[in-house]
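**Q** Supplied in structure tokens, the structure appears directly below.
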Amino acid sequence: MAGLIRNSLNQLTCIVLPRLTRVLAVRSGLHVSTRQYGMVRDDSVFGPEFDNTPEIPEHDDLNIVMKGYDFPVLEKYARYVHRFVMSMGISSDWFPTPATKTQVRTFKPQTTATDKKYDLELYQRTVQIYDVPSTRLPLLIQMCQQNLPEGVELTVKQADPEDQIVLYVPDSDLHALTQQLNEMKRRK
């Protein structure tokens with residue numbers, strides 16, 4: 001009988017009383033945090049409020065550049081990084097870069113004759129992040145490194161306007177017209 005009473009009192013003090021005090025505190029407009037054996041004051045409610053939170057420095061615009069030969073793996077990882085960045089509350093954009101084509105040849109042993117020829121395409125995806133707090137950047141980089149798939153190269157660098165020049169497809173008609181205009185100026 002004494003064990004039953006002891007268990008009931010233990011449940012009352014550990015479970016029911018903290019819940020009851022929290023409900024009463026919420027109804028009265030107070031913020032109260034509880035522990036297992038009683039109430040603990042939260043300094044943000046009962047103490048003085050200070051508006052001197054430290055200024056967290058932010059990084060300039062950064063590019064997270066991912067390169068790889070396997071397109072589906074790279075595309076899925078880039079989407080994953082972009083979603084993670086957005087879930088951290090960091091504003092970002094992501095864009096593809098045209099593939100870089102490379103031709104690789106193997107030679108027959110001890111000759112200069114070509115044995116096989118391979119066409120490789122290096123794909124690149126870039127996630128550009130803006131105004132990253134310095135407290136969140138190490139977490140973001142660590143997450144990117146830990147979840148980096150095999151065959152994907154990761155680089156984090158400062159955003160450069162020259163990186164986006166590759167995205168624009170040259171207008172061949174405009175280029176031809178400017179050449180004609182330059183030739184006409186030379187003739188005069």
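Numbering starts fresh at 1 for the residues of each chain in the structure tokens, the chains themselves are lettered A, B, ... in the order given, and ligands are numbered from 1 as they appear.
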Please list as a ChimeraX atom specification every residue within 7 Å of Leu154 in chain A, counting only C-alpha atoms and excluding residues in the same chain fewer than 2 positions away.

**A** /A:65-67,152,156

**Q** I need the residues in range 48-173 of chain A that are helix (DSSP H, G or I) according to DSSP; give them as a PyMOL selection string.

**A** chain A and resi 71-87+137-146+161-167+172-173

**Q** How about saving the chosen residues, N, CA, C and O atoms kept, as a compact mmCIF listing (two decimals), in the first residue's frame?

**A**
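The result, written out as part_32.txt:
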# COMPACT_ATOMS: atom_id res chain seq x y z
N PHE A 71 25.35 13.34 -64.14
CA PHE A 71 24.33 14.38 -64.12
C PHE A 71 23.23 14.15 -63.07
O PHE A 71 22.92 15.05 -62.30
N PRO A 72 22.60 12.96 -63.01
CA PRO A 72 21.51 12.80 -62.03
C PRO A 72 21.96 12.99 -60.58
O PRO A 72 21.24 13.59 -59.79
N VAL A 73 23.13 12.50 -60.26
CA VAL A 73 23.64 12.64 -58.88
C VAL A 73 23.89 14.11 -58.56
O VAL A 73 23.52 14.61 -57.50
N LEU A 74 24.52 14.81 -59.50
CA LEU A 74 24.82 16.23 -59.29
C LEU A 74 23.54 17.05 -59.17
O LEU A 74 23.43 17.92 -58.29
N GLU A 75 22.58 16.79 -60.02
CA GLU A 75 21.33 17.55 -60.01
C GLU A 75 20.57 17.34 -58.69
O GLU A 75 20.06 18.28 -58.09
N LYS A 76 20.52 16.11 -58.24
CA LYS A 76 19.81 15.81 -56.99
C LYS A 76 20.53 16.44 -55.79
O LYS A 76 19.88 16.97 -54.88
N TYR A 77 21.85 16.40 -55.78
CA TYR A 77 22.61 17.00 -54.68
C TYR A 77 22.46 18.52 -54.68
O TYR A 77 22.31 19.13 -53.62
N ALA A 78 22.46 19.14 -55.86
CA ALA A 78 22.28 20.59 -55.94
C ALA A 78 20.90 20.99 -55.42
O ALA A 78 20.76 21.99 -54.70
N ARG A 79 19.89 20.22 -55.75
CA ARG A 79 18.54 20.48 -55.26
C ARG A 79 18.51 20.33 -53.74
O ARG A 79 17.87 21.11 -53.03
N TYR A 80 19.21 19.31 -53.22
CA TYR A 80 19.26 19.07 -51.78
C TYR A 80 19.93 20.25 -51.06
O TYR A 80 19.42 20.73 -50.04
N VAL A 81 21.05 20.72 -51.59
CA VAL A 81 21.75 21.85 -50.97
C VAL A 81 20.87 23.09 -50.99
O VAL A 81 20.77 23.84 -50.01
N HIS A 82 20.22 23.34 -52.12
CA HIS A 82 19.36 24.53 -52.22
C HIS A 82 18.21 24.47 -51.22
O HIS A 82 17.90 25.46 -50.56
N ARG A 83 17.60 23.31 -51.07
CA ARG A 83 16.50 23.17 -50.10
C ARG A 83 17.00 23.34 -48.67
O ARG A 83 16.32 23.93 -47.84
N PHE A 84 18.20 22.83 -48.39
CA PHE A 84 18.74 22.97 -47.04
C PHE A 84 19.04 24.44 -46.74
O PHE A 84 18.77 24.92 -45.64
N VAL A 85 19.59 25.15 -47.72
CA VAL A 85 19.88 26.57 -47.55
C VAL A 85 18.58 27.34 -47.28
O VAL A 85 18.52 28.19 -46.40
N MET A 86 17.54 27.01 -48.02
CA MET A 86 16.25 27.68 -47.83
C MET A 86 15.66 27.34 -46.45
O MET A 86 15.06 28.20 -45.81
N SER A 87 15.86 26.12 -45.98
CA SER A 87 15.33 25.75 -44.66
C SER A 87 16.08 26.45 -43.53
O SER A 87 15.53 26.59 -42.44
N LEU A 137 27.23 29.88 -41.47
CA LEU A 137 28.05 29.40 -42.58
C LEU A 137 28.84 28.14 -42.25
O LEU A 137 28.87 27.21 -43.06
N PRO A 138 29.48 28.03 -41.07
CA PRO A 138 30.19 26.77 -40.77
C PRO A 138 29.26 25.56 -40.74
O PRO A 138 29.65 24.48 -41.19
N LEU A 139 28.04 25.74 -40.26
CA LEU A 139 27.08 24.63 -40.24
C LEU A 139 26.71 24.23 -41.67
O LEU A 139 26.62 23.04 -41.98
N LEU A 140 26.52 25.21 -42.52
CA LEU A 140 26.15 24.93 -43.91
C LEU A 140 27.27 24.20 -44.64
O LEU A 140 27.04 23.20 -45.32
N ILE A 141 28.50 24.67 -44.46
CA ILE A 141 29.64 24.03 -45.14
C ILE A 141 29.85 22.61 -44.61
O ILE A 141 30.10 21.68 -45.38
N GLN A 142 29.72 22.43 -43.32
CA GLN A 142 29.88 21.09 -42.74
C GLN A 142 28.82 20.14 -43.26
O GLN A 142 29.10 18.99 -43.60
N MET A 143 27.57 20.62 -43.36
CA MET A 143 26.50 19.77 -43.89
C MET A 143 26.79 19.41 -45.35
O MET A 143 26.60 18.27 -45.77
N CYS A 144 27.25 20.37 -46.13
CA CYS A 144 27.55 20.11 -47.55
C CYS A 144 28.68 19.08 -47.68
O CYS A 144 28.61 18.19 -48.53
N GLN A 145 29.70 19.19 -46.87
CA GLN A 145 30.83 18.26 -46.94
C GLN A 145 30.43 16.85 -46.48
O GLN A 145 30.85 15.86 -47.07
N GLN A 146 29.63 16.76 -45.43
CA GLN A 146 29.27 15.44 -44.90
C GLN A 146 28.34 14.68 -45.83
O GLN A 146 28.34 13.46 -45.83
N PRO A 161 31.01 38.42 -60.57
CA PRO A 161 30.14 38.63 -61.73
C PRO A 161 30.62 37.90 -62.98
O PRO A 161 29.82 37.55 -63.84
N GLU A 162 31.90 37.61 -63.07
CA GLU A 162 32.43 36.91 -64.24
C GLU A 162 31.96 35.45 -64.27
O GLU A 162 31.97 34.83 -65.33
N ASP A 163 31.57 34.91 -63.12
CA ASP A 163 31.07 33.53 -63.09
C ASP A 163 29.75 33.40 -63.85
O ASP A 163 29.43 32.34 -64.37
N GLN A 164 28.98 34.48 -63.92
CA GLN A 164 27.69 34.43 -64.58
C GLN A 164 27.76 34.74 -66.07
O GLN A 164 26.77 34.56 -66.78
N ILE A 165 28.90 35.17 -66.56
CA ILE A 165 29.04 35.46 -67.99
C ILE A 165 28.86 34.18 -68.80
O ILE A 165 28.32 34.20 -69.90
N VAL A 166 29.26 33.06 -68.26
CA VAL A 166 29.16 31.78 -68.95
C VAL A 166 27.69 31.42 -69.20
O VAL A 166 27.38 30.70 -70.16
N LEU A 167 26.79 31.93 -68.38
CA LEU A 167 25.38 31.58 -68.51
C LEU A 167 24.73 32.17 -69.76
O LEU A 167 23.76 31.62 -70.27
N SER A 172 24.56 35.33 -82.12
CA SER A 172 25.39 35.30 -83.33
C SER A 172 24.96 36.37 -84.32
O SER A 172 25.80 36.94 -85.03
N ASP A 173 23.66 36.68 -84.41
CA ASP A 173 23.20 37.73 -85.32
C ASP A 173 23.75 39.09 -84.90
O ASP A 173 24.21 39.88 -85.74

**Q** Out of range 99-159 of chain A, which residues get strand (DSSP E or B) from DSSP, as a ChimeraX atom specification?

**A** /A:99-107,114-129,132-133,152-158

**Q** Could those residues be written to a file, using N, CA and C atoms, as a short mmCIF file (atom, residue, chain, number, x, y, z; two decimals), in the first residue's frame?

**A**
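Ended up saving to result-v8.cif:
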data_model
loop_
_atom_site.label_atom_id
_atom_site.label_comp_id
_atom_site.auth_asym_id
_atom_site.auth_seq_id
_atom_site.Cartn_x
_atom_site.Cartn_y
_atom_site.Cartn_z
N ALA A 99 27.39 22.49 -69.80
CA ALA A 99 28.38 21.43 -69.60
C ALA A 99 29.64 21.72 -70.39
N THR A 100 30.78 21.34 -69.81
CA THR A 100 32.07 21.46 -70.47
C THR A 100 32.40 20.11 -71.08
N LYS A 101 32.62 20.08 -72.37
CA LYS A 101 32.88 18.81 -73.06
C LYS A 101 34.38 18.60 -73.19
N THR A 102 34.82 17.38 -72.89
CA THR A 102 36.22 17.00 -72.97
C THR A 102 36.30 15.68 -73.72
N GLN A 103 37.31 15.59 -74.57
CA GLN A 103 37.51 14.35 -75.31
C GLN A 103 38.78 13.67 -74.77
N VAL A 104 38.62 12.42 -74.38
CA VAL A 104 39.72 11.65 -73.80
C VAL A 104 40.00 10.47 -74.74
N ARG A 105 41.30 10.27 -75.03
CA ARG A 105 41.69 9.16 -75.91
C ARG A 105 42.68 8.27 -75.17
N THR A 106 42.54 6.99 -75.40
CA THR A 106 43.52 6.05 -74.87
C THR A 106 44.31 5.48 -76.05
N PHE A 107 45.57 5.18 -75.79
CA PHE A 107 46.45 4.69 -76.85
C PHE A 107 46.72 3.20 -76.69
N THR A 114 45.49 5.50 -81.63
CA THR A 114 44.39 5.66 -80.68
C THR A 114 43.63 4.34 -80.54
N ASP A 115 43.43 3.94 -79.29
CA ASP A 115 42.69 2.70 -79.02
C ASP A 115 41.19 3.01 -78.87
N LYS A 116 40.87 3.89 -77.94
CA LYS A 116 39.48 4.25 -77.70
C LYS A 116 39.37 5.75 -77.50
N LYS A 117 38.18 6.26 -77.79
CA LYS A 117 37.92 7.69 -77.63
C LYS A 117 36.66 7.86 -76.78
N TYR A 118 36.75 8.73 -75.75
CA TYR A 118 35.63 8.96 -74.85
C TYR A 118 35.29 10.45 -74.86
N ASP A 119 34.01 10.75 -74.87
CA ASP A 119 33.52 12.12 -74.75
C ASP A 119 32.94 12.29 -73.35
N LEU A 120 33.57 13.14 -72.55
CA LEU A 120 33.13 13.38 -71.18
C LEU A 120 32.50 14.76 -71.08
N GLU A 121 31.46 14.86 -70.28
CA GLU A 121 30.82 16.15 -70.04
C GLU A 121 30.86 16.44 -68.55
N LEU A 122 31.43 17.58 -68.20
CA LEU A 122 31.51 18.01 -66.81
C LEU A 122 30.36 18.99 -66.56
N TYR A 123 29.45 18.59 -65.68
CA TYR A 123 28.29 19.41 -65.37
C TYR A 123 28.59 20.26 -64.14
N GLN A 124 27.95 21.42 -64.08
CA GLN A 124 28.19 22.32 -62.95
C GLN A 124 26.87 22.95 -62.52
N ARG A 125 26.66 22.98 -61.21
CA ARG A 125 25.51 23.65 -60.62
C ARG A 125 26.04 24.60 -59.56
N THR A 126 25.40 25.76 -59.46
CA THR A 126 25.83 26.78 -58.51
C THR A 126 24.64 27.22 -57.67
N VAL A 127 24.83 27.22 -56.36
CA VAL A 127 23.85 27.78 -55.44
C VAL A 127 24.46 29.07 -54.90
N GLN A 128 23.82 30.19 -55.22
CA GLN A 128 24.34 31.49 -54.78
C GLN A 128 23.55 31.92 -53.56
N ILE A 129 24.27 32.20 -52.46
CA ILE A 129 23.62 32.56 -51.20
C ILE A 129 23.97 34.00 -50.86
N VAL A 132 24.78 35.77 -45.61
CA VAL A 132 24.83 34.62 -44.73
C VAL A 132 25.40 35.04 -43.38
N PRO A 133 24.67 34.81 -42.29
CA PRO A 133 25.24 35.11 -40.97
C PRO A 133 26.48 34.24 -40.71
N VAL A 152 31.41 14.05 -56.87
CA VAL A 152 31.01 15.46 -56.95
C VAL A 152 32.05 16.30 -56.23
N GLU A 153 32.48 17.36 -56.88
CA GLU A 153 33.48 18.27 -56.31
C GLU A 153 32.75 19.51 -55.81
N LEU A 154 33.07 19.95 -54.60
CA LEU A 154 32.39 21.09 -53.97
C LEU A 154 33.39 22.21 -53.73
N THR A 155 32.98 23.43 -54.10
CA THR A 155 33.80 24.61 -53.87
C THR A 155 32.90 25.72 -53.34
N VAL A 156 33.34 26.40 -52.29
CA VAL A 156 32.63 27.56 -51.77
C VAL A 156 33.55 28.75 -51.96
N LYS A 157 33.06 29.76 -52.69
CA LYS A 157 33.89 30.94 -52.97
C LYS A 157 33.02 32.18 -53.03
N GLN A 158 33.66 33.32 -53.01
CA GLN A 158 32.96 34.60 -53.12
C GLN A 158 32.33 34.71 -54.49
#

**Q** Can you work out the spacing between CA of Leu148 in chain A and CA of Asn63 in chain A in Å, to one decimal?

**A** 16.0 Å

**Q** Go through A:Thr178, A:Asp160, A:Met184, A:Arg136 and flag the residue nearest Pro57 in chain A, using only C-alpha atoms for the distances.

**A**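 Nearest to Pro57 in chain A: A:Arg136.
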
**Q** What's the separation between CA of Thr135 in chain A and CA of Ile56 in chain A, in Å to one decimal place?

**A**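 It comes out at 7.5 Å.
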